[in-house]
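Have a look at model-v4.txt below; it lists compact mmCIF, C-alpha atoms.
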```
# COMPACT_ATOMS: atom_id res chain seq x y z
CA MET T 89 0.00 0.00 0.00
CA LYS T 90 1.03 3.60 -0.50
CA GLN T 91 2.25 4.83 2.87
CA PRO T 92 -0.25 7.40 4.20
CA THR T 93 1.13 9.99 6.58
CA MET T 94 -0.79 12.35 8.81
CA LYS T 95 2.01 14.91 8.68
CA SER T 96 1.84 15.42 4.94
CA LYS T 97 -1.94 15.72 4.76
CA GLU T 98 -2.87 19.28 3.78
CA PHE T 99 -5.52 21.18 5.70
CA ASP T 100 -8.81 20.90 3.82
CA SER T 101 -10.35 24.32 4.40
CA GLU T 102 -13.38 23.59 2.24
CA LEU T 103 -14.23 20.41 4.18
CA PHE T 104 -14.28 22.15 7.56
CA ARG T 105 -16.08 25.23 6.23
CA LYS T 106 -18.84 22.99 4.91
CA ARG T 107 -19.12 21.22 8.26
CA ILE T 108 -19.37 24.51 10.12
CA ILE T 109 -22.08 25.79 7.78
CA LYS T 110 -24.02 22.52 8.05
CA ILE T 111 -24.04 22.65 11.85
CA GLN T 112 -24.76 26.38 11.81
CA LYS T 113 -27.98 25.74 9.88
CA LYS T 114 -29.19 23.58 12.76
CA LEU T 115 -29.03 26.51 15.17
CA LYS T 116 -31.97 28.88 15.62
CA LYS T 117 -31.79 32.50 16.66
CA GLY T 118 -30.96 32.69 20.37
CA GLU T 119 -29.02 29.39 20.36
CA ILE T 120 -25.24 29.17 20.73
CA LEU T 121 -22.75 26.31 20.52
CA ILE T 122 -19.45 26.47 22.42
CA LEU T 123 -16.71 23.87 21.89
CA PHE T 124 -13.53 23.81 23.95
CA ALA T 125 -10.39 22.27 22.49
CA ALA T 126 -8.41 19.75 24.52
CA SER T 127 -5.71 20.90 26.93
CA HIS T 128 -2.34 19.31 27.58
CA LYS T 129 -2.51 16.74 30.40
CA ILE T 130 0.28 16.17 32.90
CA ARG T 131 1.66 12.64 32.97
CA ASN T 132 3.94 13.19 35.94
CA ARG T 133 5.57 16.27 37.44
CA ASP T 134 6.22 18.54 34.42
CA VAL T 135 5.97 15.85 31.72
CA GLU T 136 2.88 15.92 29.52
CA TYR T 137 1.02 13.14 27.75
CA LYS T 138 1.21 13.24 23.97
CA PHE T 139 -1.44 15.73 22.88
CA ARG T 140 -4.51 14.72 20.91
CA GLN T 141 -7.24 17.16 20.00
CA ASN T 142 -10.79 16.73 21.25
CA SER T 143 -12.66 14.76 18.58
CA ASP T 144 -15.68 17.09 18.36
CA PHE T 145 -13.48 20.17 18.14
CA TYR T 146 -11.31 18.62 15.42
CA TYR T 147 -14.29 17.30 13.47
CA LEU T 148 -15.79 20.76 13.13
CA THR T 149 -12.67 22.92 12.81
CA GLY T 150 -9.66 20.77 11.91
CA ILE T 151 -7.58 22.85 14.33
CA LYS T 152 -5.08 20.80 16.35
CA GLU T 153 -3.94 23.50 18.78
CA GLU T 154 -4.78 23.20 22.46
CA ASP T 155 -7.10 25.38 24.54
CA SER T 156 -8.87 27.05 21.62
CA ILE T 157 -12.57 27.94 21.97
CA PHE T 158 -14.99 27.73 19.05
CA ILE T 159 -18.23 29.75 19.06
CA LEU T 160 -21.11 29.16 16.67
CA THR T 161 -24.50 30.86 16.40
CA SER T 162 -27.09 30.98 13.64
CA ASP T 163 -25.43 34.03 12.11
CA SER T 164 -21.76 34.00 13.16
CA ALA T 165 -18.75 31.77 13.77
CA GLY T 166 -15.61 32.64 15.67
CA MET T 167 -12.67 31.31 17.64
CA PHE T 168 -10.41 32.23 20.51
CA CYS T 169 -6.96 30.75 19.91
CA LEU T 170 -3.35 30.76 21.04
CA PRO T 171 -1.57 34.00 20.16
CA LYS T 172 1.53 34.15 18.02
CA ASP T 173 4.46 34.14 20.45
CA LYS T 174 8.01 33.80 19.13
CA GLU T 175 9.54 32.72 22.42
CA LYS T 176 6.97 30.02 23.13
CA GLU T 177 6.99 28.82 19.53
CA ILE T 178 10.71 28.10 19.86
CA TRP T 179 9.89 25.62 22.60
CA THR T 180 6.61 24.05 21.49
CA GLY T 181 6.14 24.71 17.78
CA ILE T 182 4.68 27.26 15.41
CA ARG T 183 1.19 28.49 16.17
CA LEU T 184 -1.36 29.35 13.51
CA GLY T 185 -2.49 32.61 15.11
CA LYS T 186 -5.86 34.31 14.91
CA ASP T 187 -5.46 35.86 11.45
CA LYS T 188 -4.52 32.60 9.74
CA ILE T 189 -7.27 30.61 11.49
CA LYS T 190 -9.84 33.23 10.49
CA SER T 191 -8.76 32.95 6.87
CA MET T 192 -8.52 29.14 6.86
CA LEU T 193 -12.05 28.63 8.19
CA GLY T 194 -13.74 31.74 6.84
CA LEU T 195 -14.72 32.83 10.36
CA ASP T 196 -16.48 36.07 11.21
CA TYR T 197 -14.08 36.86 14.04
CA THR T 198 -11.05 35.51 15.90
CA TYR T 199 -9.43 36.64 19.14
CA ASP T 200 -6.31 35.76 21.04
CA LEU T 201 -7.16 33.38 23.87
CA SER T 202 -6.33 36.06 26.45
CA GLU T 203 -9.43 37.98 25.30
CA TRP T 204 -11.85 35.23 26.38
CA GLU T 205 -12.32 36.58 29.91
CA LYS T 206 -13.28 40.00 28.56
CA GLN T 207 -15.50 38.75 25.76
CA LYS T 208 -17.37 35.74 27.17
CA SER T 209 -20.24 37.79 28.63
CA ALA T 210 -20.84 39.51 25.31
CA ILE T 211 -20.62 36.14 23.55
CA LEU T 212 -23.27 34.53 25.77
CA ILE T 213 -25.60 37.45 26.32
CA ASP T 214 -29.05 37.37 24.70
CA HIS T 215 -28.81 33.64 23.95
CA HIS T 216 -31.48 31.54 25.65
CA THR T 217 -29.97 28.10 24.86
CA LEU T 218 -26.35 27.00 25.20
CA TYR T 219 -25.27 23.82 23.43
CA TYR T 220 -22.28 22.55 25.36
CA PHE T 221 -20.74 19.18 26.30
CA PHE T 222 -21.41 19.52 30.02
CA GLY T 223 -19.43 17.14 32.26
CA GLU T 224 -16.31 16.73 30.12
CA ASN T 225 -14.25 19.41 31.86
CA PRO T 226 -15.24 20.33 35.45
CA GLU T 227 -13.25 23.57 35.38
CA ARG T 228 -14.97 24.74 32.21
CA ASP T 229 -18.34 23.63 33.65
CA ARG T 230 -17.85 25.83 36.71
CA GLU T 231 -16.74 28.73 34.53
CA ILE T 232 -19.77 28.47 32.26
CA LEU T 233 -22.23 28.10 35.16
CA GLN T 234 -20.73 31.08 36.96
CA GLU T 235 -20.97 33.22 33.83
CA ILE T 236 -24.60 32.22 33.31
CA LYS T 237 -25.34 33.11 36.96
CA THR T 238 -23.65 36.49 36.52
CA LEU T 239 -25.69 37.21 33.41
CA SER T 240 -28.92 36.22 35.16
CA GLU T 241 -28.29 39.02 37.64
CA ARG T 242 -28.41 41.58 34.82
CA ALA T 243 -32.12 41.12 34.14
CA ARG T 244 -32.84 44.70 35.23
CA GLU T 245 -30.70 45.89 32.32
CA GLY T 246 -32.88 43.96 29.89
CA LYS T 247 -30.07 41.48 29.34
CA PHE T 248 -30.15 37.74 29.80
CA GLY T 249 -27.92 34.72 29.45
CA PRO T 250 -28.75 31.11 28.59
CA HIS T 251 -31.76 29.69 30.45
CA ARG T 252 -30.80 26.14 29.63
CA ILE T 253 -27.81 24.00 28.66
CA GLU T 254 -28.35 21.20 26.13
CA HIS T 255 -26.16 18.42 24.77
CA PRO T 256 -25.15 19.16 21.13
CA HIS T 257 -26.74 15.93 19.91
CA PHE T 258 -26.96 17.26 16.35
CA LEU T 259 -23.15 17.37 16.12
CA HIS T 260 -22.90 13.73 17.17
CA GLU T 261 -25.62 12.81 14.70
CA GLU T 262 -23.44 14.29 11.95
CA ARG T 263 -20.44 12.29 13.15
CA LEU T 264 -22.45 9.06 13.28
CA THR T 265 -22.94 8.82 9.52
CA LYS T 266 -19.59 8.74 7.72
CA SER T 267 -18.84 10.58 4.49
CA LYS T 268 -16.88 9.01 1.61
CA GLU T 269 -13.78 10.83 2.83
CA GLU T 270 -14.21 9.49 6.36
CA ILE T 271 -14.75 5.95 5.09
CA GLN T 272 -11.52 6.17 3.10
CA ILE T 273 -9.66 7.32 6.20
CA LEU T 274 -11.09 4.37 8.14
CA LYS T 275 -9.98 2.06 5.33
CA ASN T 276 -6.45 3.43 5.66
CA ALA T 277 -6.55 2.90 9.43
CA SER T 278 -7.77 -0.66 8.82
CA GLU T 279 -4.99 -1.38 6.32
CA ILE T 280 -2.32 -0.16 8.73
CA THR T 281 -3.93 -2.27 11.48
CA LYS T 282 -3.64 -5.32 9.21
CA PHE T 283 0.14 -4.93 8.98
CA GLY T 284 0.45 -4.88 12.76
CA HIS T 285 -1.79 -7.88 13.43
CA MET T 286 -0.24 -10.02 10.72
CA ARG T 287 3.27 -9.26 11.89
CA ILE T 288 2.64 -10.38 15.45
CA MET T 289 0.83 -13.49 14.24
CA ARG T 290 3.95 -14.42 12.27
CA GLU T 291 6.56 -13.46 14.83
CA SER T 292 5.03 -14.47 18.19
CA LYS T 293 6.59 -17.50 19.83
CA PRO T 294 7.00 -19.09 23.26
CA GLY T 295 9.39 -17.18 25.47
CA MET T 296 8.44 -13.74 24.22
CA TYR T 297 6.57 -11.26 26.42
CA GLU T 298 3.26 -9.62 25.67
CA TYR T 299 4.91 -6.20 25.60
CA GLU T 300 7.16 -7.36 22.76
CA LEU T 301 4.08 -7.95 20.64
CA GLU T 302 2.73 -4.57 21.70
CA ALA T 303 5.99 -2.97 20.56
CA LEU T 304 5.72 -4.69 17.16
CA LEU T 305 2.17 -3.41 16.74
CA GLU T 306 3.20 0.14 17.59
CA GLN T 307 6.18 -0.06 15.25
CA GLU T 308 4.03 -1.10 12.29
CA TYR T 309 1.44 1.58 13.02
CA LEU T 310 4.00 4.37 13.29
CA LYS T 311 5.81 3.18 10.17
CA TYR T 312 2.74 3.93 8.06
CA GLY T 313 1.97 7.36 9.48
CA SER T 314 -0.40 6.42 12.28
CA ILE T 315 0.05 8.15 15.63
CA GLY T 316 -0.14 4.66 17.16
CA GLY T 317 -3.10 2.84 18.63
CA GLY T 318 -6.45 4.58 18.79
CA TYR T 319 -6.83 3.09 22.30
CA GLY T 320 -4.67 1.09 24.69
CA HIS T 321 -3.41 -2.14 23.10
CA ILE T 322 -4.76 -5.33 24.66
CA VAL T 323 -2.21 -8.14 24.29
CA ALA T 324 -3.53 -10.92 26.50
CA SER T 325 -1.95 -14.36 26.48
CA GLY T 326 -3.33 -17.43 28.20
CA GLN T 327 -5.87 -16.76 30.93
CA ASN T 328 -5.27 -12.99 30.66
CA ALA T 329 -7.66 -13.13 27.69
CA CYS T 330 -10.48 -13.62 30.20
CA ILE T 331 -9.85 -10.07 31.48
CA LEU T 332 -11.80 -7.96 28.98
CA HIS T 333 -9.74 -4.78 29.29
CA TYR T 334 -6.37 -6.31 30.13
CA VAL T 335 -3.65 -3.73 29.42
CA ASN T 336 -0.74 -4.78 31.65
CA ASN T 337 0.81 -6.61 28.68
CA ASP T 338 3.72 -7.89 30.78
CA ASP T 339 3.23 -11.66 30.91
CA LEU T 340 5.30 -14.43 29.34
CA LEU T 341 3.98 -16.24 26.23
CA LEU T 342 3.80 -19.97 26.86
CA GLU T 343 3.55 -22.90 24.46
CA GLY T 344 -0.02 -24.16 24.25
CA ASP T 345 -1.59 -20.82 25.11
CA LEU T 346 -3.54 -18.45 22.88
CA VAL T 347 -2.96 -14.72 22.50
CA LEU T 348 -5.93 -12.34 22.24
CA VAL T 349 -4.93 -9.03 20.66
CA ASP T 350 -7.40 -6.12 20.59
CA SER T 351 -5.73 -3.22 18.81
CA GLY T 352 -6.41 -0.69 16.06
CA ALA T 353 -4.31 1.99 14.41
CA GLU T 354 -5.46 5.60 14.47
CA TRP T 355 -4.88 7.49 11.22
CA ASN T 356 -5.87 11.11 10.68
CA TYR T 357 -8.07 11.11 13.81
CA TYR T 358 -10.02 7.92 12.94
CA THR T 359 -9.34 4.55 14.51
CA ALA T 360 -9.77 0.93 13.53
CA ASP T 361 -10.77 -1.60 16.22
CA VAL T 362 -9.80 -5.21 15.60
CA THR T 363 -9.49 -8.32 17.75
CA ARG T 364 -7.74 -11.49 16.67
CA VAL T 365 -6.79 -14.65 18.57
CA PHE T 366 -3.94 -16.96 17.61
CA PRO T 367 -1.76 -19.65 19.21
CA VAL T 368 1.56 -18.77 20.82
CA GLY T 369 2.97 -21.82 19.10
CA LYS T 370 1.95 -23.17 15.71
CA LYS T 371 -1.40 -24.88 16.33
CA PHE T 372 -4.70 -24.49 18.17
CA SER T 373 -5.55 -27.30 20.60
CA GLU T 374 -8.78 -29.21 19.98
CA ALA T 375 -10.54 -27.42 22.86
CA GLN T 376 -9.32 -24.03 21.58
CA LYS T 377 -10.51 -24.88 18.07
CA THR T 378 -13.94 -25.86 19.35
CA ILE T 379 -14.54 -22.53 21.09
CA TYR T 380 -12.90 -20.51 18.33
CA GLU T 381 -15.14 -21.99 15.63
CA VAL T 382 -18.26 -21.24 17.67
CA VAL T 383 -17.26 -17.59 18.11
CA LEU T 384 -16.19 -17.27 14.48
CA TYR T 385 -19.53 -18.62 13.26
CA ALA T 386 -21.38 -16.25 15.59
CA GLN T 387 -19.32 -13.33 14.30
CA LYS T 388 -19.88 -14.12 10.62
CA ASN T 389 -23.59 -14.48 11.25
CA ALA T 390 -23.71 -11.16 13.15
CA ILE T 391 -21.92 -9.42 10.28
CA ARG T 392 -24.49 -10.78 7.80
CA GLN T 393 -27.26 -9.39 10.04
CA SER T 394 -25.67 -5.90 10.16
CA ILE T 395 -27.79 -4.39 7.41
CA ALA T 396 -29.64 -1.12 7.01
CA GLY T 397 -32.98 -1.05 8.82
CA VAL T 398 -32.15 -3.75 11.38
CA PRO T 399 -32.32 -2.43 14.97
CA PHE T 400 -28.81 -2.28 16.40
CA ASN T 401 -29.80 -4.33 19.44
CA ASP T 402 -31.23 -7.15 17.33
CA VAL T 403 -27.74 -8.17 16.21
CA HIS T 404 -26.68 -8.56 19.83
CA ASP T 405 -29.84 -10.40 20.89
CA LYS T 406 -29.52 -12.97 18.08
CA THR T 407 -25.82 -13.44 18.85
CA VAL T 408 -26.63 -14.06 22.50
CA ARG T 409 -29.23 -16.69 21.59
CA PHE T 410 -26.81 -18.51 19.29
CA LEU T 411 -23.91 -18.53 21.77
CA ALA T 412 -26.18 -19.49 24.66
CA ASP T 413 -27.59 -22.39 22.66
CA CYS T 414 -24.09 -23.59 21.78
CA LEU T 415 -23.02 -23.40 25.42
CA ARG T 416 -26.12 -25.39 26.40
CA GLU T 417 -25.47 -28.07 23.79
CA MET T 418 -21.84 -28.37 24.91
CA GLY T 419 -22.95 -28.79 28.52
CA PHE T 420 -21.57 -25.53 29.92
CA LEU T 421 -25.07 -24.20 30.67
CA LYS T 422 -28.04 -26.10 32.10
CA GLY T 423 -31.74 -25.71 31.39
CA ASN T 424 -33.68 -24.78 28.29
CA LEU T 425 -32.66 -21.86 26.11
CA GLU T 426 -35.46 -19.53 27.19
CA GLU T 427 -34.55 -19.99 30.87
CA ILE T 428 -30.89 -19.31 30.09
CA ILE T 429 -31.81 -16.08 28.26
CA GLU T 430 -34.27 -14.95 30.92
CA LYS T 431 -31.88 -15.58 33.82
CA GLN T 432 -28.93 -14.27 31.77
CA SER T 433 -26.83 -17.19 32.93
CA PHE T 434 -24.95 -16.92 29.61
CA LYS T 435 -23.18 -13.87 31.07
CA LYS T 436 -20.86 -16.23 32.90
CA PHE T 437 -19.26 -16.82 29.50
CA TYR T 438 -20.37 -13.82 27.41
CA MET T 439 -20.69 -10.60 29.38
CA HIS T 440 -20.25 -7.77 26.87
CA ARG T 441 -22.14 -6.33 23.91
CA THR T 442 -21.68 -7.56 20.35
CA GLY T 443 -20.60 -4.20 18.97
CA HIS T 444 -20.52 -0.42 19.09
CA TYR T 445 -20.18 2.59 16.82
CA LEU T 446 -16.72 3.33 15.45
CA GLY T 447 -15.11 6.46 14.03
CA MET T 448 -13.01 9.22 15.53
CA ASP T 449 -13.40 7.55 18.92
CA VAL T 450 -13.13 3.82 19.41
CA HIS T 451 -16.52 3.91 21.18
CA ASP T 452 -17.87 6.52 18.84
CA VAL T 453 -20.66 8.98 19.39
CA GLY T 454 -24.33 8.62 18.50
CA ARG T 455 -27.50 7.49 20.23
CA TYR T 456 -28.25 3.76 20.36
CA PHE T 457 -31.91 4.28 21.28
CA LEU T 458 -34.52 6.64 19.83
CA ASP T 459 -37.81 7.10 21.68
CA GLY T 460 -36.92 4.14 23.86
CA LYS T 461 -36.39 1.76 20.94
CA SER T 462 -33.17 0.32 19.56
CA ARG T 463 -32.04 2.49 16.68
CA PRO T 464 -32.09 0.93 13.19
CA LEU T 465 -28.74 0.67 11.45
CA LYS T 466 -28.31 3.16 8.63
CA ASP T 467 -26.11 3.35 5.54
CA GLY T 468 -22.84 5.11 6.25
CA GLN T 469 -22.57 4.02 9.87
CA VAL T 470 -19.53 2.00 10.91
CA VAL T 471 -19.91 -0.53 13.71
CA THR T 472 -17.81 -3.24 15.27
CA VAL T 473 -18.96 -6.86 15.47
CA GLU T 474 -17.16 -8.63 18.31
CA PRO T 475 -18.75 -11.68 19.96
CA GLY T 476 -16.66 -13.64 22.43
CA LEU T 477 -16.59 -16.49 24.93
CA TYR T 478 -14.51 -16.54 28.12
CA PHE T 479 -13.91 -19.51 30.43
CA ASP T 480 -12.92 -18.66 34.00
CA PRO T 481 -9.50 -20.23 34.68
CA ASN T 482 -10.47 -20.87 38.31
CA ASP T 483 -13.90 -22.41 37.73
CA GLU T 484 -13.57 -26.11 38.50
CA SER T 485 -17.03 -26.82 37.10
CA ILE T 486 -15.53 -26.24 33.64
CA PRO T 487 -13.54 -29.11 32.09
CA LYS T 488 -9.83 -28.46 32.59
CA GLU T 489 -8.97 -28.20 28.89
CA PHE T 490 -11.35 -25.24 28.48
CA ARG T 491 -10.35 -23.26 31.59
CA GLY T 492 -8.60 -19.98 30.79
CA ILE T 493 -9.64 -19.88 27.14
CA GLY T 494 -10.72 -16.41 26.04
CA ILE T 495 -11.85 -15.85 22.44
CA ARG T 496 -13.06 -12.60 20.88
CA ILE T 497 -13.11 -11.91 17.14
CA GLU T 498 -13.78 -8.35 16.02
CA ASP T 499 -14.10 -6.60 12.67
CA ASP T 500 -15.16 -3.13 11.52
CA ILE T 501 -18.32 -3.10 9.42
CA LEU T 502 -19.64 -0.36 7.13
CA ILE T 503 -23.43 -0.47 6.87
CA ASN T 504 -24.23 -0.62 3.18
CA GLY T 505 -27.83 -1.55 2.39
CA LYS T 506 -28.19 -5.32 2.58
CA GLU T 507 -24.49 -5.89 1.78
CA PRO T 508 -22.36 -5.00 4.83
CA ILE T 509 -18.76 -4.16 3.97
CA ASN T 510 -16.09 -5.60 6.24
CA LEU T 511 -13.33 -2.96 6.33
CA THR T 512 -10.96 -5.35 8.13
CA GLU T 513 -11.70 -8.63 6.36
CA SER T 514 -8.15 -8.92 4.99
CA ILE T 515 -6.81 -9.58 8.50
CA PRO T 516 -6.71 -13.40 8.79
CA LYS T 517 -9.21 -15.02 11.14
CA GLU T 518 -9.81 -18.51 9.73
CA ILE T 519 -7.93 -21.19 11.67
CA VAL T 520 -6.28 -22.48 8.50
CA GLU T 521 -5.06 -18.96 7.62
CA ILE T 522 -3.70 -18.31 11.09
CA GLU T 523 -1.93 -21.66 11.35
CA ALA T 524 -0.44 -21.09 7.89
CA LEU T 525 1.00 -17.75 9.06
CA LYS T 526 2.32 -19.37 12.23
CA ALA T 527 4.01 -22.09 10.17
```

With the file now loaded, output its structure as C-alpha cells.
Amino acid sequence: MKQPTMKSKEFDSELFRKRIIKIQKKLKKGEILILFAASHKIRNRDVEYKFRQNSDFYYLTGIKEEDSIFILTSDSAGMFCLPKDKEKEIWTGIRLGKDKIKSMLGLDYTYDLSEWEKQKSAILIDHHTLYYFFGENPERDREILQEIKTLSERAREGKFGPHRIEHPHFLHEERLTKSKEEIQILKNASEITKFGHMRIMRESKPGMYEYELEALLEQEYLKYGSIGGGYGHIVASGQNACILHYVNNDDLLLEGDLVLVDSGAEWNYYTADVTRVFPVGKKFSEAQKTIYEVVLYAQKNAIRQSIAGVPFNDVHDKTVRFLADCLREMGFLKGNLEEIIEKQSFKKFYMHRTGHYLGMDVHDVGRYFLDGKSRPLKDGQVVTVEPGLYFDPNDESIPKEFRGIGIRIEDDILINGKEPINLTESIPKEIVEIEALKA
C-alpha cells in the first residue's frame, strides 16, 4: 500500500467550512454552541502526555492546537486561539495565530485566547440556549455556570444569558454517519492495522513477552503514518484473555496458550478496532478450536445481520441466543434456552455487547436508542462486530482443557444496504489462515 502519513496531509479548508455551515444551519436565533479544544494533560511532574485534539473540536474545525474555543450561532462563527508568540513557539512549535485561522475557516471573528475573559459575557448574552458538552471538563463547567449566573443578575438591564444547557446531539448525529472521505480514512486505518496484526501473528513464539508484541504493533502503526493505537493495546496471552480490558501486557507467552490481541491503528483522527486470537505456538488445541469456531460462526452471522434497517440491538440479541444455545449443547449451561436467556446465565461466559459505533473515537458517538427503541442501522454508519466467549481459569465446574480460554473476534463493518462491507476482512481469522501464518 502507498504509505499514508498524517504529517503530509494538507488542511482541507473547504471540508471544515462545509461542516461549520451545516451545523450552523441547525441553530436557531438565540441558540449558541461552544466547543472547547483539549488541553495538555500532565503525565507526571512537568511531563505531559502526547497531545490529541478533542474529537468534536477537530471534526468541526480541523484545528489541532490546544485550549482554543470555538463559538457558533445561527449568524456568526468565531474562535479564541493561542496567540503568536516567538519565544513560546521556539519551545513548542509554530502556532497558527488568529489571522490565519480566520482565513482558513472563513470565520467572522477571531481573538487571542487572552481575550476570552473580557468577551465571554458579550458572547453569551441574549442567547437563551447554550449547546455545550457539560461534564467533560469540570473547570470549564464551573466557569460556564458562573458566567450564566452572573448574566442572570443583569435582568434589570434587559439582558439575559442562557436559560438552559443542552447536549449538542446534532453534532454527534453528523459524526455518526460517515462521508466518503471518512470511510476512506477508516480504510487506511484498517490497512495499517492489518500490517500490525499479521506481523505479530507471524513473529510471536513461546518465550516472548506480551509487551514485545505490543511494541511490534506500535512499530508497524508508526511506520505507516499512524500516531499509534487509537486506544490502549490489549495483548492478553493465556488466561489474561479472560480479562476484557487487560492492558498490563507484561506476561510471558507460553507454548499451548492463545494470545488475544485487541488493537487498532489511528490514522488522521479515525481509529480501527480489531481483535484477533492466535496460538503462541503453531497450532490451536482441539478445545481451543472448538470454542474458536463457535465464536467465528457467531461473528460471521452477526456481520451478515448488520444491514440497514435492522435495529442495532437485534444483532446482539440474536448473537446471545446462538452462543447461549451452543453453550447449552456443549454442557456448559443447564436448562432450556429460554430460561438461560431470561436468567442471563450466559453472562458467565459472554458478558459484553456484540458491537458499538466506530469512528473518531473507538466507542464513537451517536445514540443507540430513539424514543426508547433500539435504533435501526443506517447506511454510512460504521460498527464493530465482536462476539466472544470466556472460560474462567479458576472455575472447577468447567472441564480443565477449556479453563482460561478467552476468544473474541472483532471486525469493523460499514453499513451498506443489505451488503455490509467488512473494512478489516483482509486480516486473517480462519484457523487455516492463522496456522499457515504461524508455520

* Asked: Could you pull the residues within 10 Å of Arg455 (chain T), counting all atoms listed in the file, minus those fewer than 6 positions along the same chain, as a ChimeraX atom specification?
  -> /T:257,260-261,264,445,462-463

How about saving the chosen residues, C-alpha atoms kept, as a compact mmCIF listing (two decimals), in the frame of the given file?
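And here's out-v8.txt as it stands now:
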```txt
# COMPACT_ATOMS: atom_id res chain seq x y z
CA HIS T 257 -26.74 15.93 19.91
CA HIS T 260 -22.90 13.73 17.17
CA GLU T 261 -25.62 12.81 14.70
CA LEU T 264 -22.45 9.06 13.28
CA TYR T 445 -20.18 2.59 16.82
CA SER T 462 -33.17 0.32 19.56
CA ARG T 463 -32.04 2.49 16.68
```

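Here CA of Ser127 (chain T) is placed at a distance of 22.3 Å from CA of Leu212 (chain T).
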
Which residues of region 194-281 of chain T sit at most 12 Å from region 359-373 of chain T, using all atoms listed in the file? Give each one's shortest atom pair and distance in Å (one decimal place), in chain and ascending residue order, as a tab-separated table.
```
residue	atom	partner	partner_atom	distance
T:Glu270	CA	T:Thr359	CA	10.7
T:Ile271	CA	T:Thr359	CA	11.0
T:Gln272	CA	T:Thr359	CA	11.7
T:Ile273	CA	T:Thr359	CA	8.8
T:Leu274	CA	T:Ala360	CA	6.5
T:Lys275	CA	T:Ala360	CA	8.3
T:Asn276	CA	T:Ala360	CA	8.9
T:Ala277	CA	T:Ala360	CA	5.6
T:Ser278	CA	T:Ala360	CA	5.4
T:Glu279	CA	T:Ala360	CA	9.0
T:Ile280	CA	T:Ala360	CA	8.9
T:Thr281	CA	T:Ala360	CA	7.0
```

Any idea what's packed within 8 Å of region 326-334 of chain T, counting all atoms listed in the file, ignoring anything in its chain fewer than 2 positions away? Could you give it as an mmCIF file with C-alpha atoms, in the frame of the given file?
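Output file part21.cif follows:
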```
data_model
loop_
_atom_site.group_PDB
_atom_site.id
_atom_site.type_symbol
_atom_site.label_atom_id
_atom_site.label_comp_id
_atom_site.auth_asym_id
_atom_site.auth_seq_id
_atom_site.Cartn_x
_atom_site.Cartn_y
_atom_site.Cartn_z
ATOM 1 C CA ILE T 322 -4.760 -5.330 24.660
ATOM 2 C CA VAL T 323 -2.210 -8.140 24.290
ATOM 3 C CA ALA T 324 -3.530 -10.920 26.500
ATOM 4 C CA ASN T 336 -0.740 -4.780 31.650
ATOM 5 C CA ASN T 337 0.810 -6.610 28.680
ATOM 6 C CA LEU T 341 3.980 -16.240 26.230
ATOM 7 C CA LEU T 342 3.800 -19.970 26.860
ATOM 8 C CA ASP T 345 -1.590 -20.820 25.110
ATOM 9 C CA LEU T 346 -3.540 -18.450 22.880
ATOM 10 C CA VAL T 347 -2.960 -14.720 22.500
ATOM 11 C CA LEU T 348 -5.930 -12.340 22.240
ATOM 12 C CA TYR T 478 -14.510 -16.540 28.120
ATOM 13 C CA PHE T 479 -13.910 -19.510 30.430
ATOM 14 C CA ASP T 480 -12.920 -18.660 34.000
ATOM 15 C CA PRO T 481 -9.500 -20.230 34.680
ATOM 16 C CA ARG T 491 -10.350 -23.260 31.590
ATOM 17 C CA GLY T 492 -8.600 -19.980 30.790
ATOM 18 C CA ILE T 493 -9.640 -19.880 27.140
ATOM 19 C CA GLY T 494 -10.720 -16.410 26.040
ATOM 20 C CA ILE T 495 -11.850 -15.850 22.440
#
```

* To do: Counting all atoms listed in the file, figure out which residue out of T:Phe158, T:Tyr456, T:Phe437, T:Phe410 gets nearest to Tyr146 (chain T).
  => T:Phe158

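Residue nearest Lys114 (chain T), chosen from T:Gln307, T:Ser314, T:Thr161, T:Gln141 and counting only C-alpha atoms: T:Thr161.
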
* Asked: What does the distance between CA of Met289 (chain T) and CA of Leu525 (chain T) come to in Å, to one decimal place?
  -> 6.7 Å

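For Lys435 (chain T), the non-local neighbours within 12 Å, defined as residues at least 3 positions apart in the same chain or in other chains and counting only C-alpha atoms, are Val408, Arg409, Leu411, Ala412, Leu415, Phe420, Leu421, Ile428, Ile429, Glu430, Lys431, Gln432, Tyr438, Met439, His440, Arg441, Gly476, Leu477, Tyr478, Phe479 and Asp480 of chain T.
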
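Candidate residues T:Ile486, T:Val450, T:Gly460, T:Ser433 were compared for distance to Gly419 (chain T), and the nearest is T:Ile486, using all atoms listed in the file.
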
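The space between CA of Arg287 (chain T) and CA of Ile515 (chain T) spans 10.6 Å.
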
Give me region 379-399 of chain T from this structure - C-alpha atoms, as an mmCIF file, in the first residue's frame.
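Result file follows (out_14.cif):
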```
data_model
loop_
_atom_site.group_PDB
_atom_site.id
_atom_site.type_symbol
_atom_site.label_atom_id
_atom_site.label_comp_id
_atom_site.auth_asym_id
_atom_site.auth_seq_id
_atom_site.Cartn_x
_atom_site.Cartn_y
_atom_site.Cartn_z
ATOM 1 C CA ILE T 379 -14.542 -22.533 21.087
ATOM 2 C CA TYR T 380 -12.899 -20.511 18.329
ATOM 3 C CA GLU T 381 -15.136 -21.994 15.635
ATOM 4 C CA VAL T 382 -18.264 -21.243 17.674
ATOM 5 C CA VAL T 383 -17.260 -17.593 18.115
ATOM 6 C CA LEU T 384 -16.195 -17.266 14.481
ATOM 7 C CA TYR T 385 -19.530 -18.620 13.255
ATOM 8 C CA ALA T 386 -21.379 -16.254 15.589
ATOM 9 C CA GLN T 387 -19.321 -13.325 14.296
ATOM 10 C CA LYS T 388 -19.882 -14.124 10.620
ATOM 11 C CA ASN T 389 -23.588 -14.483 11.254
ATOM 12 C CA ALA T 390 -23.715 -11.160 13.147
ATOM 13 C CA ILE T 391 -21.920 -9.425 10.277
ATOM 14 C CA ARG T 392 -24.495 -10.785 7.797
ATOM 15 C CA GLN T 393 -27.260 -9.388 10.036
ATOM 16 C CA SER T 394 -25.673 -5.903 10.161
ATOM 17 C CA ILE T 395 -27.788 -4.387 7.413
ATOM 18 C CA ALA T 396 -29.639 -1.116 7.006
ATOM 19 C CA GLY T 397 -32.985 -1.054 8.820
ATOM 20 C CA VAL T 398 -32.146 -3.746 11.378
ATOM 21 C CA PRO T 399 -32.318 -2.434 14.967
#
```
